[in-house]
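With compact mmCIF, C-alpha atoms inside, this is input-v4.txt:
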```
# COMPACT_ATOMS: atom_id res chain seq x y z
CA MET A 1 0.00 0.00 0.00
CA ALA A 2 1.32 3.40 -0.93
CA ASN A 3 1.63 6.03 1.77
CA SER A 4 -1.71 7.73 2.33
CA ASP A 5 -1.76 11.35 1.15
CA ARG A 6 -3.98 12.09 4.15
CA VAL A 7 -1.12 11.43 6.55
CA LYS A 8 1.48 13.96 7.68
CA VAL A 9 4.42 12.89 9.83
CA ARG A 10 7.42 14.35 11.55
CA ILE A 11 9.90 11.55 12.23
CA PRO A 12 13.70 11.86 12.09
CA PRO A 13 15.35 10.16 9.07
CA LYS A 14 18.04 8.64 11.26
CA ALA A 15 18.84 7.90 14.89
CA LYS A 16 21.50 6.33 17.07
CA LYS A 17 20.84 2.80 18.32
CA GLY A 18 18.98 2.95 21.62
CA GLU A 19 18.01 6.62 21.18
CA ILE A 20 14.42 7.53 22.05
CA ILE A 21 12.88 9.41 19.15
CA GLU A 22 9.63 11.35 18.98
CA ILE A 23 7.05 10.45 16.36
CA LYS A 24 4.52 13.15 15.47
CA THR A 25 1.74 12.46 13.06
CA GLN A 26 -1.61 13.72 11.84
CA LEU A 27 -4.33 12.11 9.75
CA SER A 28 -6.78 14.18 7.76
CA HIS A 29 -10.15 12.81 8.91
CA ASP A 30 -13.44 14.43 10.03
CA MET A 31 -13.88 12.16 13.08
CA GLU A 32 -17.63 12.76 12.78
CA THR A 33 -19.13 12.17 16.23
CA GLY A 34 -22.67 11.22 15.20
CA LEU A 35 -23.96 13.99 17.47
CA ARG A 36 -24.07 16.77 14.91
CA LYS A 37 -27.00 17.68 12.70
CA ASP A 38 -26.88 19.07 9.18
CA ALA A 39 -28.70 22.23 8.02
CA ALA A 40 -31.88 20.22 7.43
CA GLY A 41 -31.81 18.87 10.99
CA ARG A 42 -30.77 15.33 10.04
CA THR A 43 -28.18 13.64 12.21
CA ILE A 44 -24.82 13.30 10.45
CA PRO A 45 -23.84 9.62 10.83
CA ARG A 46 -20.95 8.79 13.12
CA HIS A 47 -17.71 8.13 11.27
CA ILE A 48 -14.54 7.97 13.33
CA VAL A 49 -11.13 6.32 13.36
CA THR A 50 -11.33 3.74 16.13
CA ARG A 51 -7.82 2.33 16.12
CA PHE A 52 -4.27 3.51 15.53
CA THR A 53 -1.11 1.41 15.59
CA CYS A 54 2.63 1.98 15.21
CA THR A 55 5.14 -0.79 14.58
CA TRP A 56 8.92 -0.77 14.11
CA ASN A 57 10.07 -3.54 11.77
CA GLY A 58 6.83 -5.29 12.58
CA GLU A 59 7.20 -5.08 16.37
CA PRO A 60 4.47 -3.14 18.21
CA VAL A 61 5.59 0.24 19.58
CA ILE A 62 2.23 1.65 20.62
CA SER A 63 -1.43 1.27 19.72
CA ALA A 64 -4.53 3.20 20.66
CA ASP A 65 -8.30 2.88 20.78
CA TRP A 66 -10.03 6.13 19.92
CA HIS A 67 -13.58 7.29 20.62
CA GLN A 68 -15.74 10.24 19.55
CA ALA A 69 -13.87 12.78 21.67
CA VAL A 70 -10.64 12.48 19.68
CA SER A 71 -10.58 15.69 17.63
CA ALA A 72 -11.02 15.98 13.88
CA ASN A 73 -7.77 15.57 11.93
CA PRO A 74 -6.35 13.50 14.78
CA PHE A 75 -2.84 14.47 15.81
CA SER A 76 -0.75 12.13 17.91
CA SER A 77 2.71 12.27 19.31
CA PHE A 78 4.58 9.54 21.17
CA PHE A 79 8.03 7.98 21.47
CA ALA A 80 9.92 4.94 20.20
CA VAL A 81 13.28 3.33 20.92
CA ALA A 82 15.51 3.23 17.84
CA SER A 83 16.22 -0.49 17.60
CA ALA A 84 17.42 -1.12 14.04
CA SER A 85 17.28 0.40 10.58
CA GLY A 86 14.06 -0.38 8.79
CA LYS A 87 10.48 0.65 8.63
CA ILE A 88 8.22 2.52 11.04
CA LYS A 89 4.67 1.75 10.03
CA LEU A 90 1.68 3.84 11.09
CA THR A 91 -1.85 2.57 10.49
CA TRP A 92 -5.25 4.11 11.15
CA PHE A 93 -8.44 2.04 10.97
CA ASP A 94 -11.77 3.79 10.60
CA GLU A 95 -15.10 2.23 11.47
CA ASN A 96 -16.24 2.14 7.84
CA GLY A 97 -13.39 -0.25 7.07
CA GLU A 98 -11.06 2.29 5.52
CA ILE A 99 -7.36 1.90 6.35
CA PHE A 100 -4.76 4.68 6.13
CA GLU A 101 -1.13 3.67 6.14
CA TYR A 102 2.22 5.42 6.21
CA VAL A 103 5.65 3.76 6.18
CA HIS A 104 8.72 5.77 7.16
CA ASP A 105 12.24 4.49 6.41
CA ILE A 106 14.68 5.09 9.23
CA LEU A 107 18.43 4.60 9.41
CA VAL A 108 19.82 3.50 12.78
CA ASP A 109 23.57 3.42 13.44
CA MET B 1 -11.88 -0.66 21.22
CA ASP B 2 -12.72 -4.26 22.17
CA THR B 3 -13.62 -3.66 25.79
CA ALA B 4 -15.41 -0.42 25.11
CA ALA B 5 -17.32 -1.82 22.17
CA LYS B 6 -18.75 -4.62 24.29
CA LEU B 7 -19.71 -2.13 26.92
CA ASN B 8 -23.40 -1.52 27.07
CA ARG B 9 -23.77 2.10 28.07
CA ARG B 10 -27.26 1.57 29.44
CA ALA B 11 -26.14 -1.34 31.61
CA VAL B 12 -23.24 0.68 32.95
CA LEU B 13 -25.54 3.55 33.83
CA ALA B 14 -28.12 1.25 35.41
CA GLY B 15 -25.38 -0.41 37.47
CA THR B 16 -24.11 2.96 38.59
CA VAL B 17 -27.54 4.12 39.70
CA ALA B 18 -28.19 0.81 41.50
CA ALA B 19 -24.88 1.05 43.34
CA ALA B 20 -25.65 4.62 44.38
CA THR B 21 -29.13 3.82 45.71
CA MET B 22 -27.75 0.89 47.71
CA GLY B 23 -25.32 3.30 49.29
CA LEU B 24 -22.28 1.42 48.00
CA THR B 25 -20.65 4.55 46.63
CA ALA B 26 -20.25 7.92 48.25
CA PRO B 27 -22.63 10.50 46.80
CA ARG B 28 -20.90 11.82 43.71
CA PRO B 29 -22.14 13.64 40.63
CA ALA B 30 -23.69 11.32 38.03
CA ALA B 31 -21.00 12.24 35.47
CA ALA B 32 -18.22 11.19 37.85
CA GLN B 33 -20.04 7.94 38.63
CA GLU B 34 -20.45 7.14 34.95
CA ALA B 35 -16.72 7.76 34.41
CA ASP B 36 -15.95 5.51 37.41
CA ALA B 37 -18.01 2.70 35.88
CA LEU B 38 -16.37 3.12 32.48
CA ALA B 39 -12.90 3.11 34.09
CA ARG B 40 -13.75 -0.18 35.82
CA ALA B 41 -14.94 -1.60 32.50
CA LEU B 42 -11.56 -0.69 30.98
CA MET B 43 -9.30 -1.80 33.82
CA GLY B 44 -11.33 -4.15 36.01
CA PRO B 45 -11.56 -3.54 39.77
CA PHE B 46 -8.74 -1.20 40.82
CA LYS B 47 -7.58 1.28 43.44
CA ALA B 48 -5.97 4.27 41.77
CA LYS B 49 -3.14 6.12 43.48
CA ASP B 50 -2.13 9.73 42.96
CA GLY B 51 1.37 10.50 41.70
CA LYS B 52 3.68 9.19 38.97
CA ILE B 53 1.30 10.42 36.26
CA ARG B 54 1.01 13.97 34.97
CA LEU B 55 -1.79 15.41 32.89
CA LYS B 56 -0.93 18.58 31.02
CA MET B 57 -3.79 20.68 29.65
CA ARG B 58 -4.75 24.33 29.71
CA ASP B 59 -7.03 25.28 32.63
CA VAL B 60 -9.16 27.22 30.19
CA ALA B 61 -9.67 25.54 26.85
CA ALA B 62 -9.21 27.75 23.80
CA SER B 63 -11.74 25.62 21.97
CA GLY B 64 -13.72 22.58 23.04
CA ALA B 65 -13.22 21.13 19.57
CA SER B 66 -9.49 20.55 19.70
CA GLU B 67 -7.69 20.91 22.99
CA PRO B 68 -4.11 19.64 23.29
CA ILE B 69 -3.45 17.13 26.06
CA THR B 70 -0.21 15.44 27.12
CA VAL B 71 -0.07 12.55 29.57
CA SER B 72 3.29 11.42 30.90
CA VAL B 73 4.24 8.82 33.48
CA ASP B 74 7.47 8.31 35.44
CA SER B 75 8.62 4.89 34.27
CA PRO B 76 11.89 3.30 33.16
CA MET B 77 9.92 1.54 30.36
CA THR B 78 11.93 -1.67 30.69
CA ALA B 79 10.55 -5.16 30.06
CA ALA B 80 10.27 -5.66 33.82
CA ASP B 81 8.83 -2.24 34.69
CA HIS B 82 6.81 -0.29 32.17
CA VAL B 83 3.50 1.45 31.60
CA LYS B 84 1.11 -0.88 29.81
CA ALA B 85 -1.79 1.48 29.25
CA ILE B 86 -2.88 5.10 29.48
CA HIS B 87 -6.60 5.86 29.52
CA VAL B 88 -8.09 9.35 29.16
CA LEU B 89 -11.64 10.00 30.34
CA ALA B 90 -13.63 13.23 30.17
CA GLU B 91 -16.33 13.14 32.85
CA GLY B 92 -18.59 15.70 31.18
CA ASN B 93 -18.56 14.35 27.61
CA PRO B 94 -21.52 12.46 26.09
CA TYR B 95 -19.28 9.36 26.03
CA PRO B 96 -16.59 9.86 28.66
CA VAL B 97 -13.94 7.46 27.32
CA VAL B 98 -11.70 9.53 25.04
CA SER B 99 -8.82 7.20 24.17
CA SER B 100 -6.82 4.25 25.46
CA TRP B 101 -3.14 3.92 24.57
CA HIS B 102 -1.31 0.61 24.82
CA LEU B 103 2.40 1.07 25.35
CA THR B 104 5.33 -1.36 25.21
CA PRO B 105 8.98 -1.22 26.33
CA ARG B 106 9.66 -0.26 22.68
CA SER B 107 7.81 3.01 23.35
CA GLY B 108 10.88 4.09 25.34
CA ARG B 109 9.09 6.92 27.13
CA ALA B 110 5.64 6.80 28.73
CA GLU B 111 4.28 9.95 27.17
CA ILE B 112 1.52 10.57 24.65
CA SER B 113 -0.05 13.73 23.24
CA PHE B 114 -3.15 14.26 21.16
CA ARG B 115 -6.06 16.69 20.82
CA MET B 116 -9.49 16.13 22.31
CA ARG B 117 -13.04 17.42 22.31
CA LEU B 118 -14.62 18.80 25.47
CA ALA B 119 -18.40 19.21 25.55
CA LYS B 120 -18.40 21.56 28.55
CA THR B 121 -16.48 22.63 31.66
CA GLN B 122 -15.47 19.45 33.41
CA THR B 123 -12.84 17.22 34.99
CA VAL B 124 -10.52 15.25 32.71
CA ARG B 125 -8.88 12.14 34.16
CA ALA B 126 -5.83 10.21 33.04
CA TYR B 127 -5.08 6.71 34.31
CA ALA B 128 -1.85 4.76 33.89
CA VAL B 129 -1.65 0.99 34.33
CA THR B 130 1.88 -0.28 35.02
CA SER B 131 3.26 -3.75 34.25
CA ASP B 132 2.95 -4.72 37.93
CA GLY B 133 -0.80 -4.03 37.75
CA GLU B 134 -0.82 -0.76 39.71
CA VAL B 135 -3.12 2.05 38.60
CA TRP B 136 -2.21 5.74 38.87
CA ILE B 137 -4.49 8.70 38.33
CA ALA B 138 -4.26 12.42 37.58
CA ARG B 139 -7.17 14.82 37.24
CA GLN B 140 -7.59 18.29 35.85
CA GLU B 141 -10.44 20.76 35.78
CA VAL B 142 -10.85 22.38 32.39
CA THR B 143 -13.08 25.38 31.78
CA VAL B 144 -14.78 25.28 28.40
CA THR B 145 -16.71 28.20 26.99
CA ILE B 146 -17.38 26.79 23.52
CA GLY B 147 -18.21 23.08 23.59
CA GLY B 148 -16.82 20.85 20.90
CA CYS B 149 -19.06 17.82 20.52
CA GLY B 150 -21.70 19.32 18.24
CA GLY B 151 -25.43 18.64 18.54
```
Translate the structure described by the file into structure tokens.
Amino acid sequence: MANSDRVKVRIPPKAKKGEIIEIKTQLSHDMETGLRKDAAGRTIPRHIVTRFTCTWNGEPVISADWHQAVSANPFSSFFAVASASGKIKLTWFDENGEIFEYVHDILVD
Amino acid sequence: MDTAAKLNRRAVLAGTVAAATMGLTAPRPAAAQEADALARALMGPFKAKDGKIRLKMRDVAASGASEPITVSVDSPMTAADHVKAIHVLAEGNPYPVVSSWHLTPRSGRAEISFRMRLAKTQTVRAYAVTSDGEVWIARQEVTVTIGGCGG
């Protein structure tokens, strides 16, 4: 899967082995709560991202379960230990079955 | 999501009201009781201690639609001693559970940041569950002038 154009990241291109790096990322998504009404008074159906995961060379770094109170265009920031050169993979799962993915190549020396 | 998805909101509320009428819980606002019940659904029976965990938010939210929050926990994040989970609950929101983060020793540092919606002025809670099963809590009052949940 190609990197989603709805994902923005700030992750260093390289790190020293054992260094703790910060991963900042944002997905463009309405995170519609299901509580809002449109101009005609009809409820806008709920449509949110319910799960987010980050892996480093396939090993889980962090994952999260999200509910309606996570803001639109969800931003997240967290940390990871630089273990080895390879791929940091970020994945968002929304409740309509859509998956957004971003893979970042990192060099660890 | 798994735990929360199975959670029947009505059953949780009914249980909370029943417990209150039987005098099992100290009289607390309904919103706090609902958050208590949801926290138990996420973590099982627990006794939360103050300390170790810090919740950073503005006292007065600029907007209820997107308020930055950072939760950090003092932890070496080793295989033997690490934070397993961070849960954020907003007592005054229509559905108080905001997000649950599952950390690993590969996280390196027990700190997460994101942005959240706040329906009204309320108390936000952060819980941390450590690998030895202990639960830590931090609370913060946040004043909200423009709510952010729509409806």
Nearby residues (only C-alpha atoms) at most 6 Å from A:Ile48, same-chain spacing under 6 positions excluded, as a ChimeraX atom specification: /A:31-32,94
Excluding B:Pro105 and any residue of its chain fewer than 6 positions from it, enumerate the residues within 7 Å of it, using only C-alpha atoms, and give them as a compact mmCIF listing (two decimals) with C-alpha atoms, keeping the file's coordinate frame.
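Saved as selection.txt:
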```txt
# COMPACT_ATOMS: atom_id res chain seq x y z
CA MET B 77 9.92 1.54 30.36
CA THR B 78 11.93 -1.67 30.69
CA ALA B 79 10.55 -5.16 30.06
CA HIS B 82 6.81 -0.29 32.17
```
task: With a distance cut-off of 12 Å and all atoms listed in the file, select the neighbouring residues of A:Asn96, excluding the residue or stretch itself and same-chain residues fewer than 2 positions from it, and output the selection as an MDAnalysis selection string.
output: chainID A and resid 31:32 45:51 92:94 98:100
Output C-alpha atoms for every residue in that selection, as a PDB file, in the coordinates of the input.
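Result file is result.pdb:
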```pdb
ATOM      1  CA  MET A  31     -13.880  12.160  13.080  1.00  0.00           C
ATOM      2  CA  GLU A  32     -17.630  12.760  12.780  1.00  0.00           C
ATOM      3  CA  PRO A  45     -23.840   9.620  10.830  1.00  0.00           C
ATOM      4  CA  ARG A  46     -20.950   8.790  13.120  1.00  0.00           C
ATOM      5  CA  HIS A  47     -17.710   8.130  11.270  1.00  0.00           C
ATOM      6  CA  ILE A  48     -14.540   7.970  13.330  1.00  0.00           C
ATOM      7  CA  VAL A  49     -11.130   6.320  13.360  1.00  0.00           C
ATOM      8  CA  THR A  50     -11.330   3.740  16.130  1.00  0.00           C
ATOM      9  CA  ARG A  51      -7.820   2.330  16.120  1.00  0.00           C
ATOM     10  CA  TRP A  92      -5.250   4.110  11.150  1.00  0.00           C
ATOM     11  CA  PHE A  93      -8.440   2.040  10.970  1.00  0.00           C
ATOM     12  CA  ASP A  94     -11.770   3.790  10.600  1.00  0.00           C
ATOM     13  CA  GLU A  98     -11.060   2.290   5.520  1.00  0.00           C
ATOM     14  CA  ILE A  99      -7.360   1.900   6.350  1.00  0.00           C
ATOM     15  CA  PHE A 100      -4.760   4.680   6.130  1.00  0.00           C
TER      16      PHE A 100
END
```
query: Separation of atom CA of B:Leu55 and atom CA of A:Thr55, in Å?
result: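 Between these atoms lies a distance of 25.4 Å.
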Residue neighbourhood B:Val135, 9 Å, only C-alpha atoms, exclusion window fewer than 6 positions, as a ChimeraX atom specification: /B:43,46-50,127-129
For A:Phe79: contacts at 6 Å, all atoms listed in the file, fewer than 3 positions along chain excluded, given as a ChimeraX atom specification: /A:21-23 /B:107,109
Once you have the residues from the selection above, write them out as a PDB file, in the coordinates of the input, restricted to C-alpha atoms.
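The resulting file, out13.pdb, is reproduced below:
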```pdb
ATOM      1  CA  ILE A  21      12.880   9.410  19.150  1.00  0.00           C
ATOM      2  CA  GLU A  22       9.630  11.350  18.980  1.00  0.00           C
ATOM      3  CA  ILE A  23       7.050  10.450  16.360  1.00  0.00           C
TER       4      ILE A  23
ATOM      5  CA  SER B 107       7.810   3.010  23.350  1.00  0.00           C
ATOM      6  CA  ARG B 109       9.090   6.920  27.130  1.00  0.00           C
TER       7      ARG B 109
END
```
